[in-house]
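What follows is a set of notes on a single structure, which appears directly below.
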Amino acid sequence: MMTEALARQHRIALTGNDAVAYAVKQANVDVISAYPITPQTFVVETLSRYVNDGELNAKFINVESEHSALSAVIGASLAGARAFTATASQGLAYMWEALYAASGLRLPIVMALAARALSAPINIHNDHSDFFGMRDAGWIMFNGEEAQETYDLTIMAFKIAEDPRVLLPVVVSYDGFIVSHAITNFYALNDDVVKEFLGVRTTGPRIDPDNPRTFGVLALQDSYFEFKRQQYEAMENSRQVIKEVFQKYEEISGRSYAPLKEYMTSDAETCIVAMGSTVGTARHAVKTLREAGEKAGVVGILQYRPWPVKEAEQLFSRFKRIIVMEKVMSPGARAGPVYEDIAATIYPKHSEVKIIDFTYGLGGRDISTRGIIEIYKKGKELIDKGKTDRVYFHGVRGE
Amino acid sequence: MSTTVTWREIDLGGSVAGGTSEKYKTGNWRVEKPVIDYEKCVRCLICWLYCPEPAIIRNGNEVKIDYDYCKGCGICAEECPRKAITMVPEEI
């Protein structure tokens, strides 16, 4: 890293959750609201300590449910506050109704999500069921692979959300337990650097007694569609804004971000696609496969919504085989959500590229380098035999 | 809402300037309309108190129904202690 960029940062060892709390403190939020549903994400516990100790001048609102937590944050955001909440699993499911209210009202809320499985059966461990459940809620969706990415994305999330061309809520997800509870070293920007990067929130809808307006109106057949179309456009606009924010962040931090993370892809014939902490394991697996002469590569998904259409087309159309690994199940669908996004991006234009979908790791079932190598070999073989017309399961007894 | 406003010009996030309910005349929601018999009416203002809209306009002790906004819920007729308000079917 450049010395200049290093001078703006310090090395720190925190859990993923505390890395998010640290970023949120530095972002100098005005309001945090949360409820400790099971499974709770201790981001907000750390934040409540910051508030209590006078390290963060914010209002911490304890509520009675996750539905109320997001609702309180929506109210605070409408009042002009920079507002934050965090959740996981059932808590996110319980927020569902308010997710659409936040995006429909065009509020620049930032939420952290320690991604975990959904009940039933009860399970508190990592998969991406909660994350993909909010796919169509109109939120910008990022996934951090480890603490560094998650910290950086949390800072950038405020900048992106509050851009007047965007004004949409942003969720920053990271794998429950694997990232959320593991302590790792990472670079944090100095407080004054974040302060200068983010400034104070000046944009977005806000309640102003001198200029009374109605928020959350009834908009029926004559206008609802126009409001939603405008919201769609904001998501489209965010593509450019995200690019600019990544660029600006690189200038201060020295860390470069792109919607899709590539590893050994330049001459790869078979590409593994993954999201979250698995991406790192997949890199290791691919390194091993390369040593055995396989032309393998990895693409990690950092930005899920907006789906990076152009980047994805350019990248995925280069491969012969794409093996998608998904920590989510979409019963009754042709395949999981990531497969469908990739297929919709490259088909029918690049029909020579073959895709196969593997569901793995549900409910926190561990995935190892060996497991990914097995998926790679099996996926490659099945593609070459033309057996790609179903979803395959890795690591489940009985298959 | 004007039917000429496109998504490009429409206000942000479903917010609108205040006072729009005044422009939104809900009188055509009615199936039955309340009619006051002023011979029976004792000017007690119970109907004015109970109207949820408010579509009963008071001037001193006099009451008048504002048919631009009255949705025909019939609460006034139900609550009138003198049975001075009758719900009359709207003509088509």
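We name chains A, B, ... following the order of the structure tokens; residues begin at 1 in each chain, and ligands are numbered from 1 as shown.
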**Prompt:** Do you know which residues are at most 10 Å from B:Glu79 counting only C-alpha atoms, after dropping those on the same chain fewer than 6 positions away, and could you put them as a ChimeraX atom specification?
**Reply:** /B:46-47,49-51,85
**Close residues, A:His128 itself excluded, 12 Å, only C-alpha atoms, min 5 positions apart in chain, as an MDAnalysis selection string** = chainID A and resid 88:89 92 113:118 133:135 143 173:176 274:278 325:330 336:338 359:364
File dump, residues just selected, N, CA and C atoms, as a short mmCIF file (atom, residue, chain, number, x, y, z; two decimals), in the first residue's frame:
data_model
loop_
_atom_site.label_atom_id
_atom_site.label_comp_id
_atom_site.auth_asym_id
_atom_site.auth_seq_id
_atom_site.Cartn_x
_atom_site.Cartn_y
_atom_site.Cartn_z
N ALA A 88 -30.26 -9.86 11.33
CA ALA A 88 -29.87 -11.15 10.78
C ALA A 88 -31.09 -12.05 10.77
N SER A 89 -31.10 -12.95 9.80
CA SER A 89 -32.05 -14.07 9.82
C SER A 89 -33.51 -13.67 10.08
N LEU A 92 -34.48 -10.01 9.95
CA LEU A 92 -34.66 -9.42 8.62
C LEU A 92 -36.01 -9.85 8.05
N LEU A 113 -26.12 -6.69 7.76
CA LEU A 113 -26.79 -7.98 7.83
C LEU A 113 -25.75 -9.09 7.98
N ALA A 114 -25.73 -9.71 9.16
CA ALA A 114 -24.87 -10.88 9.35
C ALA A 114 -25.66 -12.08 8.84
N ALA A 115 -25.40 -12.46 7.59
CA ALA A 115 -26.28 -13.39 6.88
C ALA A 115 -26.37 -14.76 7.56
N ARG A 116 -27.60 -15.19 7.76
CA ARG A 116 -27.83 -16.49 8.41
C ARG A 116 -29.07 -17.16 7.85
N ALA A 117 -29.19 -18.43 8.21
CA ALA A 117 -30.30 -19.26 7.74
C ALA A 117 -31.63 -18.79 8.33
N LEU A 118 -32.71 -19.22 7.70
CA LEU A 118 -34.05 -18.91 8.18
C LEU A 118 -34.73 -20.17 8.73
N GLY A 133 -33.55 -13.22 0.30
CA GLY A 133 -34.97 -12.96 0.54
C GLY A 133 -35.36 -11.52 0.31
N MET A 134 -34.39 -10.59 0.44
CA MET A 134 -34.72 -9.17 0.24
C MET A 134 -34.30 -8.68 -1.15
N ARG A 135 -34.09 -9.62 -2.06
CA ARG A 135 -33.59 -9.29 -3.39
C ARG A 135 -34.39 -8.20 -4.11
N ASN A 143 -22.04 -7.53 -0.45
CA ASN A 143 -21.61 -8.61 0.43
C ASN A 143 -20.11 -8.51 0.67
N SER A 173 -23.97 -6.95 3.74
CA SER A 173 -24.07 -8.27 4.33
C SER A 173 -22.69 -8.90 4.49
N TYR A 174 -22.56 -9.77 5.44
CA TYR A 174 -21.31 -10.51 5.64
C TYR A 174 -21.71 -11.79 6.36
N ASP A 175 -20.94 -12.84 6.17
CA ASP A 175 -21.34 -14.15 6.66
C ASP A 175 -21.43 -14.21 8.19
N GLY A 176 -22.59 -14.65 8.66
CA GLY A 176 -22.81 -14.81 10.09
C GLY A 176 -21.79 -15.77 10.68
N ALA A 274 -18.97 -17.56 -6.44
CA ALA A 274 -19.41 -17.68 -5.05
C ALA A 274 -19.60 -16.30 -4.45
N MET A 275 -20.17 -16.29 -3.25
CA MET A 275 -20.37 -15.03 -2.54
C MET A 275 -20.00 -15.23 -1.08
N GLY A 276 -19.48 -14.17 -0.45
CA GLY A 276 -19.18 -14.24 0.97
C GLY A 276 -17.86 -14.91 1.26
N SER A 277 -17.75 -15.47 2.45
CA SER A 277 -16.47 -16.00 2.92
C SER A 277 -15.98 -17.17 2.05
N THR A 278 -16.91 -17.82 1.35
CA THR A 278 -16.52 -18.94 0.48
C THR A 278 -15.56 -18.50 -0.62
N MET A 325 -21.98 -21.53 -7.09
CA MET A 325 -22.19 -22.08 -5.75
C MET A 325 -23.10 -21.14 -4.97
N GLU A 326 -24.20 -21.67 -4.49
CA GLU A 326 -25.17 -20.81 -3.80
C GLU A 326 -25.53 -21.35 -2.43
N LYS A 327 -25.43 -20.44 -1.43
CA LYS A 327 -25.80 -20.80 -0.06
C LYS A 327 -27.25 -20.41 0.18
N VAL A 328 -28.08 -20.73 -0.78
CA VAL A 328 -29.50 -20.41 -0.67
C VAL A 328 -30.26 -21.41 -1.52
N MET A 329 -31.49 -21.69 -1.10
CA MET A 329 -32.31 -22.64 -1.84
C MET A 329 -33.54 -21.90 -2.35
N SER A 330 -33.84 -22.14 -3.61
CA SER A 330 -35.03 -21.51 -4.18
C SER A 330 -35.95 -22.62 -4.67
N GLY A 336 -30.85 -21.43 -8.46
CA GLY A 336 -30.75 -20.40 -7.44
C GLY A 336 -30.68 -19.01 -8.06
N PRO A 337 -30.79 -17.97 -7.24
CA PRO A 337 -30.86 -16.59 -7.76
C PRO A 337 -29.61 -16.13 -8.52
N VAL A 338 -28.43 -16.56 -8.10
CA VAL A 338 -27.21 -16.10 -8.78
C VAL A 338 -27.11 -16.74 -10.17
N THR A 359 -26.15 -26.02 -4.83
CA THR A 359 -26.53 -25.50 -3.52
C THR A 359 -25.60 -26.16 -2.50
N TYR A 360 -25.08 -25.36 -1.59
CA TYR A 360 -24.15 -25.91 -0.59
C TYR A 360 -24.30 -25.12 0.70
N GLY A 361 -23.74 -25.65 1.77
CA GLY A 361 -23.53 -24.88 3.00
C GLY A 361 -24.77 -24.37 3.72
N LEU A 362 -25.94 -24.93 3.46
CA LEU A 362 -27.13 -24.41 4.15
C LEU A 362 -27.03 -24.64 5.65
N GLY A 363 -27.53 -23.67 6.41
CA GLY A 363 -27.54 -23.79 7.86
C GLY A 363 -26.16 -23.85 8.47
N GLY A 364 -25.18 -23.30 7.75
CA GLY A 364 -23.82 -23.23 8.28
C GLY A 364 -22.98 -24.47 8.04
#
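The residues of chain B that DSSP classifies as strand (DSSP E), using the backbone of this structure, are Val16, Ala17, Glu32, Lys33, Pro34, Val35, Ile36, Ile56, Ile57, Arg58, Asn59, Glu62, Val63, Lys64, Ile65, Ile85, Thr86, Met87, Val88 and Pro89 of chain B.
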Could you give me, as a Markdown table, every chain A residue with an atom at most 10 Å from chain B, plus its closest atom pair and distance in Å to one decimal, counting only C-alpha atoms, rows ordered by chain then number?
| residue | atom | partner | partner_atom | distance |
| --- | --- | --- | --- | --- |
| A:Ala101 | CA | B:Gly13 | CA | 9.5 |
| A:Ala102 | CA | B:Gly13 | CA | 9.5 |
| A:Ser103 | CA | B:Gly13 | CA | 8.1 |
| A:Gly104 | CA | B:Gly13 | CA | 5.6 |
| A:Leu105 | CA | B:Gly13 | CA | 4.3 |
| A:Arg106 | CA | B:Gly13 | CA | 5.1 |
| A:Leu107 | CA | B:Gly13 | CA | 8.4 |
| A:Leu167 | CA | B:Gly13 | CA | 9.2 |
| A:Leu168 | CA | B:Gly13 | CA | 9.8 |
| A:Gly204 | CA | B:Leu12 | CA | 8.6 |
| A:Pro205 | CA | B:Leu12 | CA | 7.4 |
| A:Arg206 | CA | B:Ser15 | CA | 10.0 |
| A:Asn211 | CA | B:Ala17 | CA | 8.1 |
| A:Pro212 | CA | B:Gly18 | CA | 5.7 |
| A:Arg213 | CA | B:Ala17 | CA | 4.3 |
| A:Thr214 | CA | B:Val16 | CA | 5.3 |
| A:Phe215 | CA | B:Ser15 | CA | 4.4 |
| A:Gly216 | CA | B:Gly14 | CA | 5.9 |
| A:Val217 | CA | B:Gly14 | CA | 5.9 |
| A:Leu218 | CA | B:Gly14 | CA | 8.1 |
| A:Ala219 | CA | B:Gly14 | CA | 7.3 |
| A:Leu220 | CA | B:Met1 | CA | 9.3 |
| A:Gln221 | CA | B:Met1 | CA | 10.0 |
| A:Asp222 | CA | B:Thr3 | CA | 6.6 |
| A:Ser223 | CA | B:Met1 | CA | 6.7 |
| A:Tyr224 | CA | B:Gly14 | CA | 7.9 |
| A:Phe225 | CA | B:Trp7 | CA | 8.1 |
| A:Glu226 | CA | B:Trp7 | CA | 4.4 |
| A:Phe227 | CA | B:Gly14 | CA | 6.1 |
| A:Lys228 | CA | B:Trp7 | CA | 8.1 |
| A:Arg229 | CA | B:Trp7 | CA | 6.1 |
| A:Gln230 | CA | B:Trp7 | CA | 5.3 |
| A:Gln231 | CA | B:Gly13 | CA | 7.3 |
| A:Glu233 | CA | B:Trp7 | CA | 9.2 |
**Item:** Residue among A:Lys25, A:Arg334, A:His350, A:Arg201 lying closest to A:Arg390, counting only C-alpha atoms
**Value:** A:Arg334
**Request:** Find the residues near A:Gln9: any atom within 7 Å, counting only C-alpha atoms, skip ones fewer than 2 places away on the same chain, and give them as a list of chain:residue names.
**Result:** A:Leu6, A:Ala7, A:Arg11, A:Tyr187, A:Ala188, A:Leu189, A:Asn190
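As for atom CA of A:Val396 and atom CA of A:Glu374, they are spaced 13.3 Å apart.
Pairwise distance (atom CA of A:Asn123, atom CA of A:His394) equals 18.8 Å.
Here atom CA of A:Ile124 and atom CA of A:Glu64 stand 20.4 Å from one another.
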**Request:** Write out as number ranges by chain the residues lying within 8 Å of B:Tyr38, counting only C-alpha atoms and excluding same-chain residues fewer than 3 positions away.
**Result:** B: 41-42, 84
Write a file of the selected residues as a compact mmCIF listing (two decimals), in the first residue's frame, keeping all heavy atoms.
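The new file selection-v6.txt reads:
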# COMPACT_ATOMS: atom_id res chain seq x y z
N CYS B 41 -84.20 18.52 13.46
CA CYS B 41 -82.86 18.81 14.01
C CYS B 41 -82.95 19.81 15.16
O CYS B 41 -83.62 20.84 15.05
CB CYS B 41 -81.97 19.38 12.90
SG CYS B 41 -80.37 19.96 13.50
N VAL B 42 -82.30 19.47 16.30
CA VAL B 42 -82.30 20.36 17.47
C VAL B 42 -80.95 21.07 17.65
O VAL B 42 -80.69 21.65 18.68
CB VAL B 42 -82.69 19.61 18.76
CG1 VAL B 42 -84.12 19.13 18.69
CG2 VAL B 42 -81.73 18.44 19.03
N ALA B 84 -83.00 12.66 12.92
CA ALA B 84 -83.24 13.73 11.95
C ALA B 84 -82.47 13.52 10.65
O ALA B 84 -82.63 14.29 9.70
CB ALA B 84 -82.88 15.09 12.56
**Request:** Find the spatial neighbours of B:Asn28, counting only C-alpha atoms, within a cut-off of 9 Å - ignore same-chain residues fewer than 3 positions away - and output them as a PyMOL selection string.
**Result:** chain B and resi 25+31+67-71
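Using only C-alpha atoms, the shortest contact distance between A:Lys320 and any of A:Ala282, A:Pro308, A:Ala296, A:His10 is found at A:Ala296.
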